[in-house]
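Comments concern the structure below.
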Amino acid sequence: MHATVLFGHGSRDPLWRQPIDTIAQRMRELNPDGHVRCAFLELTTPDLPSVAAELTGIGVQRLTIVPMFLGVGRHAREDLPVLVKDLQATYPALQIELRPSVGEDPRVIQMLAQLSLDEV
């Protein structure tokens, strides 16, 4: 079984997570049999270890983590790989794929550029 985790920074503002939750919901609509969760580095729950525990508890064997960062700062470069390494040590049978941050995807760059040019 496979699952995808959308991973964000987190914020004290509860409305901050709404776009990530909306993407997760849309993914569920597109693939009703898929397992999609959101996890956050700090200030917002759940965190990545909690989500991994939940998913492995329901039988997930493959996990794709999608960093929901436009820029690749310290969190994406340093903190997230350490979290993934810790998860791999905790769940050695779990296959984990850490994708590049969404802001590095040429399709996202193209879409944002086009949206910025579009008249409202």
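Please note that chains go A, B, ... in the order of the structure tokens, that every chain numbers its residues from 1, and that ligands are numbered from 1 in the order shown.
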Next item on the list: Check range 10-51 of chain A with DSSP on the backbone and list each residue it calls strand (DSSP E or B), as a PyMOL selection string.
Entry: chain A and resi 35-40+47
Selection to disk with N, CA and C atoms, as a PDB file, in the first residue's frame:
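What ended up in again36.pdb:
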```pdb
ATOM      1  N   HIS A  35      -4.109   7.200  -0.284  1.00  0.00           N
ATOM      2  CA  HIS A  35      -3.936   7.656   1.094  1.00  0.00           C
ATOM      3  C   HIS A  35      -3.095   8.930   1.052  1.00  0.00           C
ATOM      4  N   VAL A  36      -3.679  10.043   1.462  1.00  0.00           N
ATOM      5  CA  VAL A  36      -2.999  11.335   1.451  1.00  0.00           C
ATOM      6  C   VAL A  36      -3.131  11.942   2.836  1.00  0.00           C
ATOM      7  N   ARG A  37      -2.015  12.411   3.364  1.00  0.00           N
ATOM      8  CA  ARG A  37      -2.017  13.083   4.659  1.00  0.00           C
ATOM      9  C   ARG A  37      -1.179  14.345   4.553  1.00  0.00           C
ATOM     10  N   CYS A  38      -1.380  15.240   5.489  1.00  0.00           N
ATOM     11  CA  CYS A  38      -0.555  16.429   5.633  1.00  0.00           C
ATOM     12  C   CYS A  38       0.240  16.289   6.929  1.00  0.00           C
ATOM     13  N   ALA A  39       1.478  16.788   6.904  1.00  0.00           N
ATOM     14  CA  ALA A  39       2.317  16.792   8.095  1.00  0.00           C
ATOM     15  C   ALA A  39       3.124  18.083   8.083  1.00  0.00           C
ATOM     16  N   PHE A  40       3.556  18.490   9.278  1.00  0.00           N
ATOM     17  CA  PHE A  40       4.196  19.787   9.403  1.00  0.00           C
ATOM     18  C   PHE A  40       5.435  19.708  10.274  1.00  0.00           C
ATOM     19  N   ASP A  47       2.726  16.139  13.148  1.00  0.00           N
ATOM     20  CA  ASP A  47       4.092  16.151  12.656  1.00  0.00           C
ATOM     21  C   ASP A  47       4.346  14.899  11.817  1.00  0.00           C
TER      22      ASP A  47
END
```
Next item on the list: Would you mind writing down, as a PyMOL selection string, each residue of chain A that DSSP on the backbone assigns to helix (DSSP H, G or I)?
Entry: chain A and resi 14-30+48-57+74-90+102-104+106-117
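Counting only C-alpha atoms and comparing A:Ala76, A:Gly8, A:Pro19, A:Ile96, the residue that lies closest to Leu43 in chain A is A:Gly8.
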Notebook entry, point to check: Expressed in Å to a single decimal, how great is the separation between CA of Asp118 in chain A and CA of Ser11 in chain A?
Noted result: 29.4 Å
Checklist line | Test item: residues at most 7 Å from Ser101 in chain A, only C-alpha atoms, excluding those fewer than 3 positions along its chain, as a list in words | finding: Val66, Pro67, Met68, Phe69, Leu70, Val72 and Glu104 of chain A
Output all heavy atoms for every residue in the selection just made, as a PDB file, in the first residue's frame.
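In the end it all went to part12.pdb:
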```
ATOM      1  N   VAL A  66       6.115  14.882  -0.144  1.00  0.00           N
ATOM      2  CA  VAL A  66       6.173  16.004  -1.072  1.00  0.00           C
ATOM      3  C   VAL A  66       6.329  17.290  -0.257  1.00  0.00           C
ATOM      4  O   VAL A  66       5.372  17.736   0.386  1.00  0.00           O
ATOM      5  CB  VAL A  66       4.909  16.081  -1.949  1.00  0.00           C
ATOM      6  CG1 VAL A  66       5.001  17.259  -2.907  1.00  0.00           C
ATOM      7  CG2 VAL A  66       4.687  14.771  -2.695  1.00  0.00           C
ATOM      8  N   PRO A  67       7.522  17.895  -0.267  1.00  0.00           N
ATOM      9  CA  PRO A  67       7.718  19.159   0.451  1.00  0.00           C
ATOM     10  C   PRO A  67       6.957  20.287  -0.245  1.00  0.00           C
ATOM     11  O   PRO A  67       7.176  20.548  -1.430  1.00  0.00           O
ATOM     12  CB  PRO A  67       9.229  19.393   0.388  1.00  0.00           C
ATOM     13  CG  PRO A  67       9.822  18.056   0.060  1.00  0.00           C
ATOM     14  CD  PRO A  67       8.784  17.367  -0.790  1.00  0.00           C
ATOM     15  N   MET A  68       6.084  20.925   0.489  1.00  0.00           N
ATOM     16  CA  MET A  68       5.239  21.982  -0.063  1.00  0.00           C
ATOM     17  C   MET A  68       5.899  23.351   0.138  1.00  0.00           C
ATOM     18  O   MET A  68       5.312  24.275   0.686  1.00  0.00           O
ATOM     19  CB  MET A  68       3.851  21.931   0.581  1.00  0.00           C
ATOM     20  CG  MET A  68       3.135  20.602   0.410  1.00  0.00           C
ATOM     21  SD  MET A  68       2.838  20.185  -1.310  1.00  0.00           S
ATOM     22  CE  MET A  68       1.530  21.335  -1.689  1.00  0.00           C
ATOM     23  N   PHE A  69       7.132  23.451  -0.339  1.00  0.00           N
ATOM     24  CA  PHE A  69       7.914  24.685  -0.228  1.00  0.00           C
ATOM     25  C   PHE A  69       8.152  25.243  -1.623  1.00  0.00           C
ATOM     26  O   PHE A  69       8.519  24.494  -2.528  1.00  0.00           O
ATOM     27  CB  PHE A  69       9.275  24.421   0.424  1.00  0.00           C
ATOM     28  CG  PHE A  69       9.216  23.831   1.800  1.00  0.00           C
ATOM     29  CD1 PHE A  69       9.684  22.552   2.031  1.00  0.00           C
ATOM     30  CD2 PHE A  69       8.701  24.548   2.869  1.00  0.00           C
ATOM     31  CE1 PHE A  69       9.650  21.997   3.305  1.00  0.00           C
ATOM     32  CE2 PHE A  69       8.653  24.004   4.140  1.00  0.00           C
ATOM     33  CZ  PHE A  69       9.136  22.729   4.357  1.00  0.00           C
ATOM     34  N   LEU A  70       7.978  26.564  -1.777  1.00  0.00           N
ATOM     35  CA  LEU A  70       8.332  27.185  -3.049  1.00  0.00           C
ATOM     36  C   LEU A  70       9.834  27.370  -3.140  1.00  0.00           C
ATOM     37  O   LEU A  70      10.439  27.147  -4.178  1.00  0.00           O
ATOM     38  CB  LEU A  70       7.623  28.535  -3.217  1.00  0.00           C
ATOM     39  CG  LEU A  70       6.137  28.469  -3.493  1.00  0.00           C
ATOM     40  CD1 LEU A  70       5.558  29.869  -3.627  1.00  0.00           C
ATOM     41  CD2 LEU A  70       5.846  27.660  -4.744  1.00  0.00           C
ATOM     42  N   VAL A  72      13.776  26.546  -1.524  1.00  0.00           N
ATOM     43  CA  VAL A  72      14.480  25.463  -0.861  1.00  0.00           C
ATOM     44  C   VAL A  72      15.429  26.078   0.166  1.00  0.00           C
ATOM     45  O   VAL A  72      16.574  26.375  -0.132  1.00  0.00           O
ATOM     46  CB  VAL A  72      15.246  24.590  -1.880  1.00  0.00           C
ATOM     47  CG1 VAL A  72      15.919  23.429  -1.172  1.00  0.00           C
ATOM     48  CG2 VAL A  72      14.292  24.081  -2.943  1.00  0.00           C
ATOM     49  N   GLU A 104      10.494  23.559  -7.090  1.00  0.00           N
ATOM     50  CA  GLU A 104      11.537  23.165  -8.029  1.00  0.00           C
ATOM     51  C   GLU A 104      10.963  22.479  -9.272  1.00  0.00           C
ATOM     52  O   GLU A 104      11.703  22.212 -10.214  1.00  0.00           O
ATOM     53  CB  GLU A 104      12.521  22.209  -7.350  1.00  0.00           C
ATOM     54  CG  GLU A 104      13.271  22.832  -6.194  1.00  0.00           C
ATOM     55  CD  GLU A 104      14.191  21.835  -5.525  1.00  0.00           C
ATOM     56  OE1 GLU A 104      13.685  20.964  -4.790  1.00  0.00           O
ATOM     57  OE2 GLU A 104      15.407  21.923  -5.756  1.00  0.00           O
TER      58      GLU A 104
END
```
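The space between CA of Gly71 in chain A and CA of Gln95 in chain A spans 25.7 Å.
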Checklist line | Selected residue of minimal separation from Ile65 in chain A among A:Leu98, A:Val108, A:Val82, A:Met27, counting only C-alpha atoms | finding: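 Answer, going by the shortest atom-to-atom distance: A:Leu98.
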Check: Suppose you want the space between CA of Asn31 in chain A and CA of Asp86 in chain A; what is it in Å?
Finding: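 Between CA of Asn31 in chain A and CA of Asp86 in chain A the gap is 29.0 Å.
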Which residues, written as an mmCIF file with all heavy atoms, in the first residue's frame, have at least one atom at most 8 Å from Arg62 in chain A, with only C-alpha atoms counted and residues fewer than 2 positions away on the same chain left out?
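result-v1.cif was written with the following content:
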```
data_model
loop_
_atom_site.group_PDB
_atom_site.id
_atom_site.type_symbol
_atom_site.label_atom_id
_atom_site.label_comp_id
_atom_site.auth_asym_id
_atom_site.auth_seq_id
_atom_site.Cartn_x
_atom_site.Cartn_y
_atom_site.Cartn_z
ATOM 1 N N MET A 1 0.848 -1.170 0.000
ATOM 2 C CA MET A 1 0.000 0.000 0.000
ATOM 3 C C MET A 1 0.895 1.235 0.000
ATOM 4 O O MET A 1 1.938 1.261 0.634
ATOM 5 C CB MET A 1 -0.905 -0.026 1.238
ATOM 6 C CG MET A 1 -1.906 1.093 1.272
ATOM 7 S SD MET A 1 -2.984 1.171 2.749
ATOM 8 C CE MET A 1 -3.217 -0.498 3.237
ATOM 9 N N HIS A 2 0.464 2.279 -0.692
ATOM 10 C CA HIS A 2 1.222 3.509 -0.864
ATOM 11 C C HIS A 2 0.465 4.688 -0.251
ATOM 12 O O HIS A 2 -0.769 4.708 -0.257
ATOM 13 C CB HIS A 2 1.462 3.774 -2.352
ATOM 14 C CG HIS A 2 2.127 5.075 -2.620
ATOM 15 N ND1 HIS A 2 1.441 6.184 -3.036
ATOM 16 C CD2 HIS A 2 3.424 5.447 -2.509
ATOM 17 C CE1 HIS A 2 2.301 7.188 -3.183
ATOM 18 N NE2 HIS A 2 3.497 6.768 -2.875
ATOM 19 N N ALA A 3 1.211 5.661 0.250
ATOM 20 C CA ALA A 3 0.611 6.902 0.756
ATOM 21 C C ALA A 3 1.494 8.081 0.367
ATOM 22 O O ALA A 3 2.699 7.932 0.155
ATOM 23 C CB ALA A 3 0.457 6.855 2.270
ATOM 24 N N VAL A 60 0.666 0.787 5.299
ATOM 25 C CA VAL A 60 1.404 1.458 4.223
ATOM 26 C C VAL A 60 2.835 0.927 4.199
ATOM 27 O O VAL A 60 3.498 0.855 5.232
ATOM 28 C CB VAL A 60 1.366 2.992 4.408
ATOM 29 C CG1 VAL A 60 2.364 3.680 3.490
ATOM 30 C CG2 VAL A 60 -0.042 3.509 4.156
ATOM 31 N N THR A 64 5.550 8.460 -0.064
ATOM 32 C CA THR A 64 6.114 9.560 -0.836
ATOM 33 C C THR A 64 5.876 10.843 -0.046
ATOM 34 O O THR A 64 4.739 11.147 0.323
ATOM 35 C CB THR A 64 5.455 9.673 -2.222
ATOM 36 O OG1 THR A 64 5.676 8.445 -2.929
ATOM 37 C CG2 THR A 64 6.023 10.836 -3.016
ATOM 38 N N LEU A 94 9.848 0.324 5.524
ATOM 39 C CA LEU A 94 9.087 1.345 4.802
ATOM 40 C C LEU A 94 9.948 1.943 3.694
ATOM 41 O O LEU A 94 11.049 2.442 3.941
ATOM 42 C CB LEU A 94 8.638 2.444 5.769
ATOM 43 C CG LEU A 94 7.789 3.574 5.199
ATOM 44 C CD1 LEU A 94 6.451 3.048 4.683
ATOM 45 C CD2 LEU A 94 7.559 4.646 6.271
ATOM 46 N N GLN A 95 9.443 1.898 2.471
ATOM 47 C CA GLN A 95 10.125 2.537 1.339
ATOM 48 C C GLN A 95 9.714 4.000 1.320
ATOM 49 O O GLN A 95 8.531 4.304 1.169
ATOM 50 C CB GLN A 95 9.745 1.865 0.034
ATOM 51 C CG GLN A 95 10.160 0.424 -0.067
ATOM 52 C CD GLN A 95 9.629 -0.196 -1.341
ATOM 53 O OE1 GLN A 95 9.338 0.479 -2.319
ATOM 54 N NE2 GLN A 95 9.479 -1.515 -1.331
ATOM 55 N N ILE A 96 10.685 4.892 1.453
ATOM 56 C CA ILE A 96 10.393 6.326 1.518
ATOM 57 C C ILE A 96 11.023 7.022 0.320
ATOM 58 O O ILE A 96 12.219 6.871 0.061
ATOM 59 C CB ILE A 96 10.926 6.951 2.822
ATOM 60 C CG1 ILE A 96 10.305 6.259 4.035
ATOM 61 C CG2 ILE A 96 10.642 8.454 2.841
ATOM 62 C CD1 ILE A 96 10.885 6.718 5.366
ATOM 63 N N GLU A 97 10.204 7.775 -0.386
ATOM 64 C CA GLU A 97 10.686 8.619 -1.473
ATOM 65 C C GLU A 97 10.478 10.067 -1.051
ATOM 66 O O GLU A 97 9.347 10.485 -0.772
ATOM 67 C CB GLU A 97 9.916 8.360 -2.766
ATOM 68 C CG GLU A 97 10.334 9.297 -3.888
ATOM 69 C CD GLU A 97 9.438 9.244 -5.111
ATOM 70 O OE1 GLU A 97 8.429 8.500 -5.102
ATOM 71 O OE2 GLU A 97 9.735 9.964 -6.070
#
```
